[in-house]
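Engineer: Quick one, model_31.txt (compact mmCIF, C-alpha atoms):
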```
# COMPACT_ATOMS: atom_id res chain seq x y z
CA MET A 1 -2.86 54.77 -1.50
CA PRO A 2 -0.27 55.95 1.07
CA ILE A 3 1.26 59.41 0.84
CA ASN A 4 4.28 59.63 -1.48
CA ALA A 5 3.68 56.14 -2.94
CA ASN A 6 5.96 55.34 -5.88
CA PHE A 7 4.88 54.08 -9.30
CA GLU A 8 5.86 50.46 -8.44
CA TYR A 9 3.39 50.43 -5.57
CA ALA A 10 0.72 52.06 -7.71
CA ASN A 11 1.15 49.43 -10.44
CA ALA A 12 1.00 46.61 -7.87
CA GLU A 13 -2.14 48.11 -6.33
CA GLU A 14 -3.78 48.29 -9.75
CA ARG A 15 -2.95 44.63 -10.38
CA TYR A 16 -4.44 43.73 -6.99
CA TYR A 17 -7.82 45.32 -7.73
CA SER A 18 -7.96 43.83 -11.22
CA ALA A 19 -6.86 40.32 -10.10
CA GLN A 20 -9.13 37.43 -11.12
CA THR A 21 -7.75 34.80 -8.72
CA ASP A 22 -6.53 34.65 -5.13
CA GLN A 23 -3.06 33.70 -6.33
CA GLU A 24 -2.91 36.86 -8.48
CA LYS A 25 -4.05 38.92 -5.47
CA LEU A 26 -1.39 37.30 -3.28
CA THR A 27 1.35 38.11 -5.80
CA ALA A 28 0.18 41.73 -6.04
CA LEU A 29 0.05 42.10 -2.27
CA GLU A 30 3.62 40.80 -1.98
CA GLU A 31 4.72 43.50 -4.42
CA MET A 32 2.71 46.18 -2.59
CA LEU A 33 4.30 45.27 0.74
CA ARG A 34 7.75 45.26 -0.82
CA THR A 35 7.46 48.63 -2.58
CA MET A 36 5.29 50.73 -0.22
CA PRO A 37 6.93 53.71 1.58
CA LYS A 38 8.35 52.91 4.98
CA HIS A 39 7.30 55.78 7.21
CA LYS A 40 4.96 56.26 10.16
CA GLY A 41 2.06 57.40 7.99
CA SER A 42 1.99 54.05 6.17
CA GLU A 43 2.00 51.81 9.28
CA ASN A 44 -1.78 51.32 9.39
CA LEU A 45 -1.91 50.49 5.70
CA ARG A 46 0.99 48.05 6.03
CA ALA A 47 -0.83 46.25 8.86
CA ASN A 48 -4.00 46.12 6.76
CA LEU A 49 -2.13 44.67 3.78
CA LYS A 50 -0.45 42.06 5.95
CA THR A 51 -3.84 40.99 7.30
CA ARG A 52 -5.24 40.64 3.77
CA TYR A 53 -2.12 38.73 2.68
CA LYS A 54 -2.38 36.29 5.60
CA LYS A 55 -6.08 35.65 5.03
CA ILE A 56 -5.69 34.94 1.30
CA LYS A 57 -2.70 32.68 1.90
CA GLN A 58 -4.66 30.67 4.47
CA GLU A 59 -7.55 30.25 2.01
CA LEU A 60 -5.18 29.03 -0.71
CA GLU A 61 -3.54 26.52 1.66
CA LYS A 62 -6.95 25.26 2.77
CA ALA A 63 -8.02 24.78 -0.85
CA ARG A 64 -4.76 22.97 -1.68
CA LYS A 65 -5.15 20.51 1.22
CA SER A 66 -8.80 19.91 0.37
CA LYS A 67 -7.91 19.08 -3.22
CA LYS A 68 -5.10 16.78 -2.13
CA ASN A 69 -7.28 14.87 0.35
CA LYS A 70 -10.10 14.59 -2.18
CA GLY A 71 -7.77 12.73 -4.53
CA LYS A 72 -6.77 10.17 -1.91
CA GLN A 73 -8.62 6.89 -1.86
CA GLY A 74 -9.64 5.62 1.53
CA ILE A 75 -8.12 2.20 2.07
CA LYS A 76 -9.37 -0.20 4.70
CA LYS A 77 -6.54 -2.56 5.56
CA SER A 78 -7.41 -6.23 5.23
CA GLU A 79 -6.09 -9.12 7.31
CA MET A 80 -3.22 -9.63 4.84
CA GLN A 81 -1.91 -6.65 2.88
CA ALA A 82 1.00 -6.29 0.44
CA ILE A 83 2.15 -3.06 -1.26
CA LEU A 84 3.66 -2.75 -4.75
CA ILE A 85 6.34 -0.06 -4.74
CA GLY A 86 8.77 1.01 -7.45
CA LEU A 87 9.88 3.57 -9.99
CA THR A 88 7.73 4.72 -12.88
CA ASN A 89 7.24 2.24 -15.75
CA SER A 90 8.54 -0.67 -13.65
CA GLY A 91 5.39 -2.66 -14.44
CA LYS A 92 3.64 -2.53 -11.06
CA SER A 93 0.20 -2.10 -12.62
CA SER A 94 0.79 -5.03 -14.96
CA ILE A 95 1.71 -7.21 -11.99
CA LEU A 96 -1.41 -6.10 -10.13
CA LYS A 97 -3.55 -7.02 -13.12
CA SER A 98 -1.78 -10.38 -13.55
CA ILE A 99 -2.16 -11.67 -10.00
CA THR A 100 -5.39 -10.04 -8.76
CA ASN A 101 -8.93 -9.22 -9.83
CA ALA A 102 -8.02 -5.57 -10.47
CA ASN A 103 -8.04 -3.96 -13.90
CA PRO A 104 -5.79 -0.88 -13.58
CA GLN A 105 -4.88 1.51 -16.37
CA ILE A 106 -1.68 0.39 -18.12
CA ALA A 107 0.29 2.57 -20.53
CA SER A 108 3.80 2.92 -21.94
CA TYR A 109 4.23 6.48 -20.63
CA GLY A 110 5.33 7.29 -17.08
CA PHE A 111 3.24 8.05 -13.97
CA THR A 112 0.13 6.24 -15.22
CA THR A 113 -0.86 5.35 -11.65
CA THR A 114 -1.98 8.55 -9.91
CA ASN A 115 -3.87 7.03 -6.97
CA PRO A 116 -3.51 3.71 -5.11
CA GLU A 117 -5.04 0.81 -7.04
CA ILE A 118 -6.42 -2.10 -5.01
CA GLY A 119 -6.82 -5.72 -6.01
CA THR A 120 -7.39 -9.07 -4.28
CA LEU A 121 -5.08 -12.03 -4.75
CA ASN A 122 -6.87 -15.30 -4.01
CA TYR A 123 -4.25 -17.89 -3.13
CA GLN A 124 -5.50 -21.35 -2.17
CA GLY A 125 -8.68 -19.87 -0.73
CA CYS A 126 -6.95 -17.00 1.10
CA ASN A 127 -7.68 -13.40 0.10
CA ILE A 128 -4.69 -11.06 0.13
CA GLN A 129 -5.07 -7.33 -0.45
CA ILE A 130 -2.55 -6.01 -3.01
CA ILE A 131 -2.12 -2.23 -3.38
CA ASP A 132 -0.28 -0.61 -6.28
CA LEU A 133 1.04 2.79 -5.19
CA PRO A 134 1.91 5.66 -7.56
CA PRO A 135 5.64 5.61 -8.42
CA ILE A 136 8.11 6.98 -5.88
CA ALA A 137 8.75 10.23 -7.79
CA SER A 138 5.03 10.97 -8.10
CA PRO A 139 3.57 13.81 -5.98
CA ASN A 140 0.83 11.30 -5.01
CA PHE A 141 3.30 8.80 -3.55
CA ASN A 142 2.11 7.99 -0.02
CA LYS A 143 4.70 6.77 2.48
CA GLY A 144 2.05 6.40 5.17
CA ILE A 145 0.63 3.28 3.52
CA ILE A 146 4.13 1.78 3.26
CA ASN A 147 4.85 2.34 6.94
CA SER A 148 1.87 0.23 8.05
CA ALA A 149 2.11 -2.55 5.42
CA ASP A 150 2.76 -6.21 6.28
CA THR A 151 4.61 -7.04 3.05
CA LEU A 152 6.43 -4.75 0.61
CA LEU A 153 6.73 -5.88 -3.01
CA ILE A 154 9.65 -3.94 -4.45
CA VAL A 155 9.40 -3.95 -8.25
CA ILE A 156 12.60 -3.28 -10.20
CA GLU A 157 13.98 -3.44 -13.73
CA LYS A 158 17.61 -3.03 -12.70
CA ILE A 159 19.46 -4.31 -9.65
CA ASN A 160 20.97 -0.88 -8.91
CA GLU A 161 17.46 0.46 -8.20
CA ILE A 162 17.16 -1.63 -5.04
CA PRO A 163 19.11 0.52 -2.50
CA PHE A 164 17.20 3.69 -3.42
CA ILE A 165 13.79 1.99 -3.13
CA LEU A 166 14.71 0.25 0.13
CA GLU A 167 15.64 3.67 1.52
CA GLN A 168 12.02 4.78 0.98
CA THR A 169 10.78 1.90 3.14
CA LYS A 170 13.24 2.10 6.04
CA GLN A 171 10.68 3.40 8.56
CA ASN A 172 8.77 0.12 8.39
CA LYS A 173 10.93 -2.19 10.49
CA GLU A 174 8.47 -5.10 10.58
CA ALA A 175 7.41 -5.67 6.96
CA THR A 176 8.71 -8.54 4.86
CA ARG A 177 10.37 -7.32 1.66
CA ILE A 178 10.25 -9.22 -1.61
CA ILE A 179 12.35 -8.00 -4.55
CA ILE A 180 10.49 -8.53 -7.83
CA PHE A 181 12.73 -8.31 -10.90
CA ASN A 182 10.16 -7.65 -13.63
CA LYS A 183 10.33 -7.79 -17.46
CA ILE A 184 12.64 -10.81 -17.41
CA ASP A 185 11.27 -11.76 -20.84
CA MET A 186 13.62 -9.13 -22.30
CA TYR A 187 16.67 -11.28 -21.48
CA ASN A 188 18.07 -14.61 -22.64
CA GLU A 189 18.60 -17.56 -20.31
CA ASP A 190 22.24 -16.71 -19.61
CA ILE A 191 21.39 -13.16 -18.50
CA LYS A 192 18.48 -14.45 -16.42
CA ARG A 193 20.83 -16.81 -14.61
CA LYS A 194 23.31 -14.01 -13.89
CA ILE A 195 20.56 -11.73 -12.56
CA SER A 196 19.27 -14.48 -10.26
CA GLU A 197 22.79 -15.31 -9.01
CA THR A 198 23.50 -11.64 -8.26
CA LEU A 199 20.28 -11.30 -6.25
CA LYS A 200 21.10 -14.50 -4.37
CA SER A 201 24.63 -13.31 -3.60
CA LYS A 202 23.18 -10.15 -2.06
CA ARG A 203 20.82 -12.34 0.00
CA TYR A 204 17.67 -10.65 -1.25
CA ASN A 205 14.36 -12.44 -0.88
CA HIS A 206 13.52 -12.25 -4.56
CA VAL A 207 11.71 -13.62 -7.58
CA ILE A 208 12.28 -12.92 -11.27
CA ILE A 209 9.10 -12.58 -13.31
CA SER A 210 7.47 -11.35 -16.47
CA ALA A 211 4.00 -9.89 -16.07
CA LYS A 212 3.82 -10.03 -19.86
CA THR A 213 4.47 -13.77 -20.32
CA GLY A 214 3.45 -15.02 -16.87
CA GLU A 215 6.90 -16.38 -16.04
CA GLY A 216 7.49 -16.58 -12.29
CA LEU A 217 3.99 -15.41 -11.30
CA GLU A 218 3.05 -18.61 -9.44
CA GLU A 219 6.29 -18.41 -7.47
CA LEU A 220 5.51 -14.77 -6.69
CA LYS A 221 2.03 -15.65 -5.40
CA GLU A 222 3.48 -18.33 -3.14
CA LYS A 223 6.14 -15.96 -1.79
CA ILE A 224 3.52 -13.32 -1.06
CA PHE A 225 1.38 -15.80 0.88
CA LYS A 226 4.34 -17.20 2.82
CA SER A 227 5.39 -13.68 3.84
CA PHE A 228 2.47 -13.60 6.30
CA PRO A 229 2.71 -15.44 9.65
CA VAL A 230 -0.58 -17.24 9.12
CA ILE A 231 -1.92 -20.79 8.93
CA ARG A 232 -4.87 -22.31 7.06
CA ILE A 233 -7.27 -24.57 8.90
CA TYR A 234 -9.86 -26.55 6.95
CA THR A 235 -13.09 -27.69 8.51
CA LYS A 236 -15.46 -30.53 7.76
CA HIS A 237 -18.91 -31.33 9.03
CA PRO A 238 -19.61 -34.48 11.10
CA GLY A 239 -20.32 -37.46 8.88
CA LYS A 240 -18.93 -35.78 5.76
CA LYS A 241 -15.95 -37.36 4.01
CA SER A 242 -14.54 -34.26 2.34
CA LYS A 243 -13.33 -30.96 3.73
CA ASN A 244 -13.98 -27.49 2.32
CA GLN A 245 -10.66 -26.98 0.53
CA ASP A 246 -11.66 -23.64 -1.01
CA LYS A 247 -12.35 -21.59 2.10
CA PRO A 248 -9.90 -22.23 4.92
CA VAL A 249 -10.04 -20.41 8.22
CA VAL A 250 -6.98 -18.13 8.25
CA LEU A 251 -5.33 -17.57 11.63
CA HIS A 252 -2.05 -16.40 13.12
CA LEU A 253 0.66 -18.87 14.09
CA ASN A 254 0.25 -20.64 17.44
CA SER A 255 -3.53 -20.38 17.34
CA SER A 256 -5.67 -22.91 19.19
CA LEU A 257 -8.81 -24.80 18.24
CA GLU A 258 -10.72 -22.30 20.37
CA ASP A 259 -9.44 -19.53 18.07
CA VAL A 260 -10.61 -21.55 15.06
CA ALA A 261 -14.09 -21.94 16.52
CA GLU A 262 -14.36 -18.24 17.40
CA LYS A 263 -13.20 -17.24 13.92
CA ILE A 264 -15.99 -19.34 12.43
CA LEU A 265 -18.60 -17.75 14.69
CA HIS A 266 -18.22 -15.62 17.80
CA GLY A 267 -19.35 -17.64 20.81
CA TYR A 268 -19.25 -20.94 18.90
CA SER A 269 -16.42 -22.35 21.04
CA LYS A 270 -18.75 -22.51 24.05
CA LYS A 271 -20.93 -25.01 22.19
CA VAL A 272 -18.04 -27.30 21.25
CA LYS A 273 -17.70 -30.52 23.28
CA TYR A 274 -14.49 -31.69 21.60
CA ALA A 275 -12.86 -31.78 18.17
CA LYS A 276 -11.35 -34.38 15.87
CA ILE A 277 -8.25 -33.29 14.00
CA THR A 278 -6.24 -34.70 11.11
CA GLY A 279 -3.06 -33.17 9.77
CA PRO A 280 0.36 -31.85 10.83
CA SER A 281 -0.60 -31.22 14.48
CA ALA A 282 -2.31 -34.60 14.96
CA LYS A 283 -0.63 -37.81 16.11
CA PHE A 284 -3.03 -39.86 14.00
CA LYS A 285 -6.12 -39.38 11.83
CA ASP A 286 -9.19 -38.00 13.61
CA GLN A 287 -7.33 -37.52 16.89
CA ARG A 288 -9.74 -36.37 19.59
CA VAL A 289 -8.51 -33.13 21.18
CA GLY A 290 -9.70 -30.20 23.31
CA LEU A 291 -10.02 -26.55 22.43
CA LYS A 292 -6.57 -25.69 23.85
CA HIS A 293 -4.89 -27.81 21.17
CA ILE A 294 -2.47 -25.72 19.03
CA VAL A 295 -3.18 -26.13 15.35
CA GLN A 296 -0.78 -26.11 12.40
CA ASP A 297 -1.06 -25.14 8.75
CA LYS A 298 -3.42 -27.37 6.72
CA ASP A 299 -4.94 -29.15 9.70
CA VAL A 300 -8.46 -30.51 9.07
CA VAL A 301 -10.84 -30.01 11.99
CA GLU A 302 -14.23 -31.47 12.80
CA PHE A 303 -16.05 -29.88 15.74
CA VAL A 304 -18.44 -31.96 17.84
CA THR A 305 -21.02 -29.89 19.69
CA GLU A 306 -23.20 -30.75 22.66
```
Can I see the file as structure tokens?
Structural biologist:
Amino acid sequence: MPINANFEYANAEERYYSAQTDQEKLTALEEMLRTMPKHKGSENLRANLKTRYKKIKQELEKARKSKKNKGKQGIKKSEMQAILIGLTNSGKSSILKSITNANPQIASYGFTTTNPEIGTLNYQGCNIQIIDLPPIASPNFNKGIINSADTLLIVIEKINEIPFILEQTKQNKEATRIIIFNKIDMYNEDIKRKISETLKSKRYNHVIISAKTGEGLEELKEKIFKSFPVIRIYTKHPGKKSKNQDKPVVLHLNSSLEDVAEKILHGYSKKVKYAKITGPSAKFKDQRVGLKHIVQDKDVVEFVTE
């Protein structure tokens, strides 16, 4: 104890030595530094206390960051990814459960989702990763995921929620945004019509749904798929009459037959002699084309190898 220390310092010092946690020690040290005598004889002690204070504070910050990172779920981004974003109790988890293979916790109270929940939407053979984020007001809300997403699914219960939620996504300049007006089952047909007309008048890309009744969910799935600049190419084996409708090759727009072949198997295009194609990019059924041919959505391709 420094010379001429007052009772406030003495009490703080006693609390420091009896503290059970680092936070209690930090609080006591703050009080000791505030109340200790300010004269030359106390300079060494003041420096010692500051060193202790800094060390404990660093340990607490390290523990806080470790706990925060431990709670985060590592997410590997898939080829097509859409993010559900909204306020608490907007029904994001119910939507995730309705359109994907996920089974998230659903409850009537707020902030049920504490970590990102991931599901897969299978639409006409294409797998789309859907992520349900914690609500915007949650301390676990992660803007980083939003900023890298391809499609943002903005879930609302009221139209006046839209500007605030859009503000949270403004850093992502490239993503397609779909407004999802949920819980439409709570309204009659006249109100539904007015809601839809208002959203149209504001030129929002939108869909009105009910995760509870299933209304609008098929339209939502289609909108999600169409938000990605991709095409589906179906393949068939030589001599076979039917194509594999369930598992298309998914590619970006303006892809060529060479891209299709390489997506099937790396190096496969070098074995292809030519291809026969039927569909939107063909002039007639089974048109014979080369690997530089640009394919279109729902083309059916048959590769002929050497």
Engineer: Can you work out which one of A:Lys57, A:Lys183, A:Lys143, A:Lys40 has the shortest atom-to-atom distance to Gln168 in chain A, counting all atoms listed in the file?
Structural biologist: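 Of all the options, A:Lys143 lies closest to Gln168 in chain A.
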Engineer: Please indicate the distance in Å from CA of Pro135 in chain A to CA of Glu117 in chain A, rounded to one decimal place.
Structural biologist: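 Those two atoms sit 11.8 Å apart.
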Engineer: Would you please work out which residue, of A:Val272, A:Ile180, A:Leu291, A:Val300, is nearest to Ile195 in chain A when using all atoms listed in the file?
Structural biologist: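 Using all atoms listed in the file, the shortest distance to Ile195 in chain A belongs to A:Ile180.
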Engineer: What is the CA of Gln129 in chain A to CA of Val295 in chain A distance in Å?
Structural biologist: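 Computing it gives 24.6 Å between the two atoms.
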Engineer: With a cut-off of 12 Å, could you pull out the residues of range 92-152 of chain A touching range 219-230 of chain A and give me the nearest pair of atoms for each, distance in Å to one decimal, using only C-alpha atoms, ordered by chain and ascending number, as a Markdown table?
Structural biologist:
```
| residue | atom | partner | partner_atom | distance |
| --- | --- | --- | --- | --- |
| A:Ile95 | CA | A:Leu220 | CA | 10.0 |
| A:Leu96 | CA | A:Lys221 | CA | 11.2 |
| A:Ser98 | CA | A:Lys221 | CA | 10.4 |
| A:Ile99 | CA | A:Lys221 | CA | 7.4 |
| A:Thr100 | CA | A:Lys221 | CA | 9.9 |
| A:Thr120 | CA | A:Lys221 | CA | 11.5 |
| A:Leu121 | CA | A:Lys221 | CA | 8.0 |
| A:Asn122 | CA | A:Lys221 | CA | 9.0 |
| A:Tyr123 | CA | A:Lys221 | CA | 7.0 |
| A:Gln124 | CA | A:Phe225 | CA | 9.4 |
| A:Gly125 | CA | A:Phe225 | CA | 11.0 |
| A:Cys126 | CA | A:Phe225 | CA | 8.4 |
| A:Asn127 | CA | A:Phe225 | CA | 9.4 |
| A:Ile128 | CA | A:Phe225 | CA | 7.7 |
| A:Gln129 | CA | A:Ile224 | CA | 10.5 |
| A:Ile130 | CA | A:Ile224 | CA | 9.7 |
| A:Ala149 | CA | A:Phe228 | CA | 11.1 |
| A:Asp150 | CA | A:Phe228 | CA | 7.4 |
| A:Thr151 | CA | A:Ser227 | CA | 6.7 |
| A:Leu152 | CA | A:Ile224 | CA | 9.2 |
```
Engineer: Just how far from CA of Pro139 in chain A is CA of Leu26 in chain A, in Å to one decimal?
Structural biologist: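 Computed distance, CA of Leu26 in chain A to CA of Pro139 in chain A, equals 24.2 Å.
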